[in-house]
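Enquirer: The structure that follows is given in the form of structure tokens.
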Amino acid sequence: MASTTRTQIRPRALLHASGGPRYAVALTVDAIGTGLLRPFLLLYGVMVLRLSAPEAGIAMTVGIVVGLLCMPAVGRWLDRGARSTVVAASMLVRVLGVVLLLATPEGSAELFTMAALFLGVGNQTWPAAHAALVATVAHGRERDAALAAARALRNAGLGAGALLATVCLAGGTTALRSLAVVTALAYLVAAALTWSVRVHARPASPAAVAVAVVAGGAESAPRMGALLAANVIYAFCLNVPEIALPLVLVTQMHASPMWPAVIFVANTVLVVTLQVPVTVLLSRFPRRSVLVVAGAVLTASYLGFLAAVSIGHDWAAPAVAVVSVLCTFGEIIYAGSATALVTALAPAHALGRVLARFQLSTGFGLAVSPAALTALAPHGPVALWGGLAAGTLLAACAVAA
């Protein structure tokens with residue numbers, strides 16, 4: 001959708017477009033609670049429940065897969081007009097997951113899997129439900145800025161929660177259980193606040209849908225197959241700072257673990273501070289063109305990593321850290337344009353189903369990227385970074401076409 005209107009950053013209007021003050025507080029509480037536990041869920045399974053790492057990892061994977069399989073039903077629920085109800089439900093489902101986690105005895109892989117399943121369903125449901133809620137209260141480029149603001153706020157909350165949890169981990173298993181309790185309470189509070197917002201959309205009548213289909217020559221829910229397939233590759237960039245760079249820096253380049261930590265912190269700070277300004281700055285350009293630019297920036301960053309790792313030992317790690325800033329900019333541009341483009345392309349009567357398909361593609365990309373990155377890395381920098389660059393460039397061409 002081509003648009004050359006540039007949005008201005010007006011905090012009060014942005015807050016309203018994002019769902020209002022109570023919803024902003026709910027997002028913050030939810031993000032902090034998620035940051036307290038989600039990065040350490042594997043550790044909980046290993047340290048508290050005495051499961052093996054493969055058992056805990058398989059359980060978490062099952063949770064992600066089942067969460068993705070629920071997305072078509074979530075899309076249909078959204079298209080019946082539900083908005084804040086679905087967001088609140090995604091938080092309440094995670095409360096059940098944490099309660100199950102706390103009730104799981106040592107050695108019970110089955111109950112841990114059930115807990116991970118509920119957590120996975122909530123984590124996968126939330127993005128589509130949140131995007132649908134924002135699309136209901138905001139429109140046009142203001143909606144794009146609101147989506148960007150929510151992402152920045154969520155990243156800040158996740159970072160704060162993870163930092164607090166890292167400090168508390170010195171307490172061992174007792175600290176992990178305490179973090180789980182606080183996480184459940186945070187999800188419960190966030191769900192109650194979200195429920196109180198009471199945002200609903202009037203579902204389109206069958207007659208109105210039929211008229212829209214005939215008039216627009218479109219299907220009830222556009223397929224957007226090429227865009228969704230490209231998004232799977234784009235989503236790899238979200239795991240590069242957490243998986244690919246630590247893997248390369250620590251296990252292959254034998255650099256200090258400080259470097260991955262610095263890169264991760266820098267990535268979080270840049271996303272929090274620049275997501276909204278960059279999205280607003282690029283609002284003068286068509287969303288599809290911006291998404292293509294994101295692919296080009298990410299491709300350039302992957303080629304930059306390929307060049308950086310070939311530098312002498314003393315300068316390789318700093319060079320990788322510098323290139324990671326370019327990769328983060330690509331991530332920011334991608335995150336600010338992808339959901340906005342899909343939301344703009346979706347007809348109102350099929351918004352939920354379209355967002356569900358988009359989340360399905362994003363979740364699939366996030367699910368397979370750890371396996372793909374760890375499989376490519378042992379074959380050398382050309383296989384890893386060259387493969388990522390080629391795939392992302394191809395995805396950008398698919399979006400452009």
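The chains in the structure tokens are called A, B, ... from first to last as shown; in each chain the residues are counted from 1, and the ligands are counted from 1 in the order shown.
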When you look at segment 163-174 of chain A with a cut-off of 9 Å (counting only C-alpha atoms), what residues show up, excluding the ones that are within fewer than 6 positions of it in the same chain? I need them as a PyMOL selection string.
Expert: chain A and resi 35-37+40+44+47-48
Enquirer: Save the residues we just selected, C-alpha atoms, as an mmCIF file, in the first residue's frame?
Expert:
data_model
loop_
_atom_site.group_PDB
_atom_site.id
_atom_site.type_symbol
_atom_site.label_atom_id
_atom_site.label_comp_id
_atom_site.auth_asym_id
_atom_site.auth_seq_id
_atom_site.Cartn_x
_atom_site.Cartn_y
_atom_site.Cartn_z
ATOM 1 C CA GLY A 35 11.287 -11.420 30.777
ATOM 2 C CA LEU A 36 11.462 -12.888 34.279
ATOM 3 C CA LEU A 37 10.812 -16.454 33.144
ATOM 4 C CA PHE A 40 15.188 -19.123 31.835
ATOM 5 C CA TYR A 44 13.897 -24.155 35.251
ATOM 6 C CA MET A 47 17.764 -27.010 37.592
ATOM 7 C CA VAL A 48 14.424 -27.178 39.420
#
Enquirer: List every residue of segment 175-287 of chain A that has an atom at most 6 Å from any atom of segment 331-345 of chain A, giving for each one its closest atom pair and the distance in Å to one decimal, counting only C-alpha atoms, sorted by chain and then by ascending residue number, as CSV.
Expert:
residue,atom,partner,partner_atom,distance
A:Gln275,CA,A:Ile332,CA,5.7
A:Thr279,CA,A:Gly336,CA,5.4
A:Arg287,CA,A:Leu341,CA,5.6
Enquirer: Between A:Leu41, A:Leu274, A:Ala372, A:Val323, which one has atoms that come closest to Leu102 of chain A, using only C-alpha atoms?
Expert: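 The shortest atom-to-atom distance to Leu102 of chain A comes from A:Leu41.
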Enquirer: Given only C-alpha atoms, how would the per-residue table for segment 228-274 of chain A near segment 383-387 of chain A read, listing every residue at most 12 Å away with its closest atom pair and distance in Å to one decimal, sorted by chain and number, as CSV?
Expert:
residue,atom,partner,partner_atom,distance
A:Ile233,CA,A:Gly387,CA,10.8
A:Phe236,CA,A:Gly387,CA,11.6
A:Cys237,CA,A:Trp385,CA,11.5
A:Val240,CA,A:Trp385,CA,10.4
A:Ala244,CA,A:Leu384,CA,8.7
A:Leu245,CA,A:Trp385,CA,10.7
A:Leu247,CA,A:Leu384,CA,11.2
A:Val248,CA,A:Leu384,CA,9.7
Enquirer: So, counting only C-alpha atoms, which residue among A:Pro347, A:Gly75, A:Gly304, A:Gly63 is closest to Pro127 of chain A?
Expert: A:Gly75
Enquirer: Check segment 97-238 of chain A with DSSP on the backbone and list each residue it calls helix (DSSP H, G or I), as an MDAnalysis selection string.
Expert: chainID A and resid 97:103 109:137 140:197 206:216 225:238
Enquirer: Mind checking which residues fall within 8 Å of Asn239 of chain A, counting only C-alpha atoms, ignoring those fewer than 4 positions away in the same chain, and posting them as a ChimeraX atom specification?
Expert: /A:235,243-244,366,369-370
Enquirer: With N, CA, C and O atoms retained, write the just-selected residues as a compact mmCIF listing (two decimals), in the first residue's frame.
Expert:
# COMPACT_ATOMS: atom_id res chain seq x y z
N ALA A 235 12.35 -13.45 9.51
CA ALA A 235 12.28 -13.66 10.95
C ALA A 235 13.56 -14.24 11.53
O ALA A 235 13.80 -14.15 12.74
N ILE A 243 21.46 -16.24 19.02
CA ILE A 243 21.93 -17.60 18.71
C ILE A 243 23.16 -17.59 17.83
O ILE A 243 24.21 -18.13 18.20
N ALA A 244 23.07 -16.97 16.65
CA ALA A 244 24.17 -17.06 15.69
C ALA A 244 25.44 -16.36 16.20
O ALA A 244 26.54 -16.93 16.13
N LEU A 366 10.93 -18.39 13.55
CA LEU A 366 11.63 -18.38 14.84
C LEU A 366 11.87 -19.80 15.35
O LEU A 366 12.86 -20.06 16.05
N SER A 369 14.72 -21.40 12.92
CA SER A 369 15.99 -20.70 12.78
C SER A 369 17.09 -21.21 13.72
O SER A 369 18.25 -21.31 13.29
N PRO A 370 16.79 -21.58 14.99
CA PRO A 370 17.89 -22.11 15.81
C PRO A 370 18.52 -23.37 15.21
O PRO A 370 19.75 -23.51 15.17
Enquirer: Find the residues around Asn267 of chain A up to 12 Å (only C-alpha atoms counted), leave out those fewer than 3 positions away in its own chain, and share them as a compact mmCIF listing (two decimals) with N, CA and C atoms, in the first residue's frame.
Expert:
# COMPACT_ATOMS: atom_id res chain seq x y z
N ALA A 152 8.67 -1.44 21.09
CA ALA A 152 9.73 -0.83 21.90
C ALA A 152 9.44 -1.02 23.39
N ASN A 155 10.03 -4.68 24.36
CA ASN A 155 11.46 -5.00 24.46
C ASN A 155 12.05 -4.43 25.74
N ALA A 156 11.63 -3.22 26.11
CA ALA A 156 12.12 -2.63 27.35
C ALA A 156 11.69 -3.46 28.55
N GLY A 159 13.64 -6.77 28.59
CA GLY A 159 15.00 -6.54 29.04
C GLY A 159 15.08 -6.30 30.54
N CYS A 237 16.35 -12.97 11.39
CA CYS A 237 17.16 -11.89 11.93
C CYS A 237 16.91 -11.68 13.42
N LEU A 238 15.72 -12.07 13.89
CA LEU A 238 15.39 -11.88 15.30
C LEU A 238 16.19 -12.80 16.21
N ASN A 239 16.69 -13.91 15.66
CA ASN A 239 17.48 -14.86 16.46
C ASN A 239 18.98 -14.74 16.23
N VAL A 240 19.40 -13.87 15.32
CA VAL A 240 20.83 -13.73 15.06
C VAL A 240 21.59 -13.23 16.29
N PRO A 241 21.12 -12.17 16.99
CA PRO A 241 21.88 -11.71 18.17
C PRO A 241 21.90 -12.72 19.31
N GLU A 242 20.85 -13.56 19.42
CA GLU A 242 20.75 -14.48 20.55
C GLU A 242 21.39 -15.83 20.27
N LEU A 245 25.29 -15.14 16.69
CA LEU A 245 26.49 -14.40 17.11
C LEU A 245 27.18 -15.01 18.33
N PRO A 260 29.12 -11.28 23.14
CA PRO A 260 27.69 -11.54 22.90
C PRO A 260 26.78 -10.77 23.85
N ALA A 261 27.22 -10.62 25.12
CA ALA A 261 26.41 -9.87 26.08
C ALA A 261 26.29 -8.41 25.67
N VAL A 262 27.41 -7.81 25.25
CA VAL A 262 27.41 -6.41 24.81
C VAL A 262 26.51 -6.24 23.59
N ILE A 263 26.60 -7.17 22.65
CA ILE A 263 25.79 -7.09 21.43
C ILE A 263 24.30 -7.21 21.77
N PHE A 264 23.96 -8.12 22.68
CA PHE A 264 22.55 -8.30 23.04
C PHE A 264 22.00 -7.06 23.72
N LEU A 270 18.96 -0.26 21.29
CA LEU A 270 18.67 0.35 20.00
C LEU A 270 17.21 0.15 19.60
N VAL A 271 16.69 -1.04 19.83
CA VAL A 271 15.29 -1.30 19.49
C VAL A 271 14.36 -0.43 20.32
N VAL A 272 14.65 -0.34 21.62
CA VAL A 272 13.80 0.44 22.52
C VAL A 272 13.80 1.92 22.14
N THR A 273 14.98 2.44 21.82
CA THR A 273 15.09 3.89 21.59
C THR A 273 14.78 4.29 20.15
N LEU A 274 14.99 3.41 19.18
CA LEU A 274 14.89 3.82 17.78
C LEU A 274 13.71 3.23 17.03
N GLN A 275 13.00 2.25 17.60
CA GLN A 275 11.93 1.60 16.85
C GLN A 275 10.88 2.60 16.38
N ALA A 321 30.83 -6.86 16.40
CA ALA A 321 29.97 -6.00 17.22
C ALA A 321 29.52 -4.77 16.44
N VAL A 322 30.41 -4.19 15.64
CA VAL A 322 30.04 -3.02 14.84
C VAL A 322 29.00 -3.40 13.78
N VAL A 323 29.23 -4.53 13.10
CA VAL A 323 28.27 -4.95 12.07
C VAL A 323 26.92 -5.29 12.68
N SER A 324 26.92 -5.76 13.95
CA SER A 324 25.65 -6.10 14.60
C SER A 324 24.72 -4.90 14.70
N VAL A 325 25.28 -3.70 14.74
CA VAL A 325 24.45 -2.49 14.77
C VAL A 325 23.66 -2.37 13.47
N LEU A 326 24.33 -2.66 12.34
CA LEU A 326 23.64 -2.64 11.04
C LEU A 326 22.55 -3.70 11.01
N CYS A 327 22.84 -4.88 11.57
CA CYS A 327 21.84 -5.95 11.62
C CYS A 327 20.64 -5.51 12.45
N THR A 328 20.88 -4.82 13.56
CA THR A 328 19.79 -4.33 14.40
C THR A 328 18.94 -3.32 13.65
N PHE A 329 19.57 -2.44 12.87
CA PHE A 329 18.81 -1.49 12.07
C PHE A 329 17.91 -2.23 11.07
N GLY A 330 18.44 -3.29 10.47
CA GLY A 330 17.61 -4.10 9.58
C GLY A 330 16.43 -4.71 10.31
N GLU A 331 16.69 -5.19 11.52
CA GLU A 331 15.61 -5.76 12.34
C GLU A 331 14.56 -4.70 12.67
N ILE A 332 15.00 -3.50 13.01
CA ILE A 332 14.07 -2.41 13.35
C ILE A 332 13.20 -2.05 12.14
Enquirer: Hey, which of A:Arg50, A:Arg94, A:Arg284, A:His313 ends up closest to Ala180 of chain A? Count only C-alpha atoms.
Expert: A:Arg94
Enquirer: Give the answer as one residue: which of A:Val368, A:Leu49, A:Ala129, A:Leu43 has the shortest atom-to-atom distance to Gly107 of chain A, using only C-alpha atoms?
Expert: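 Residue with the minimum atom-to-atom distance to Gly107 of chain A: A:Leu49.
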Enquirer: Fewer than 5 positions away in the same chain doesn't count, so skip those; otherwise give me all residues within 8 Å of Val134 of chain A, counting only C-alpha atoms, as a PyMOL selection string.
Expert: chain A and resi 17-19+143+146-147
Enquirer: Have a look at A:Leu15, A:Thr104, A:Thr125, A:Ala348 and name the one nearest to Arg80 of chain A; count only C-alpha atoms.
Expert: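 Between A:Leu15, A:Thr104, A:Thr125, A:Ala348, the residue approaching Arg80 of chain A most closely is A:Ala348.
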Enquirer: Using only C-alpha atoms for the distances, tell me which of A:Thr183, A:Ser84, A:Thr251, A:Pro286 is nearest to Trp195 of chain A.
Expert: A:Ser84
Enquirer: Give me, as a PyMOL selection string, all polymer residues having an atom no more than 9 Å from Arg76 of chain A, counting only C-alpha atoms and skipping those fewer than 4 positions away in the same chain.
Expert: chain A and resi 71-72+80+350+352-353+356
Enquirer: Using only C-alpha atoms, which residues sit within 9 Å of Leu228 of chain A once same-chain residues fewer than 4 positions away are excluded, as a PyMOL selection string?
Expert: chain A and resi 223-224+232+357-358+360-362
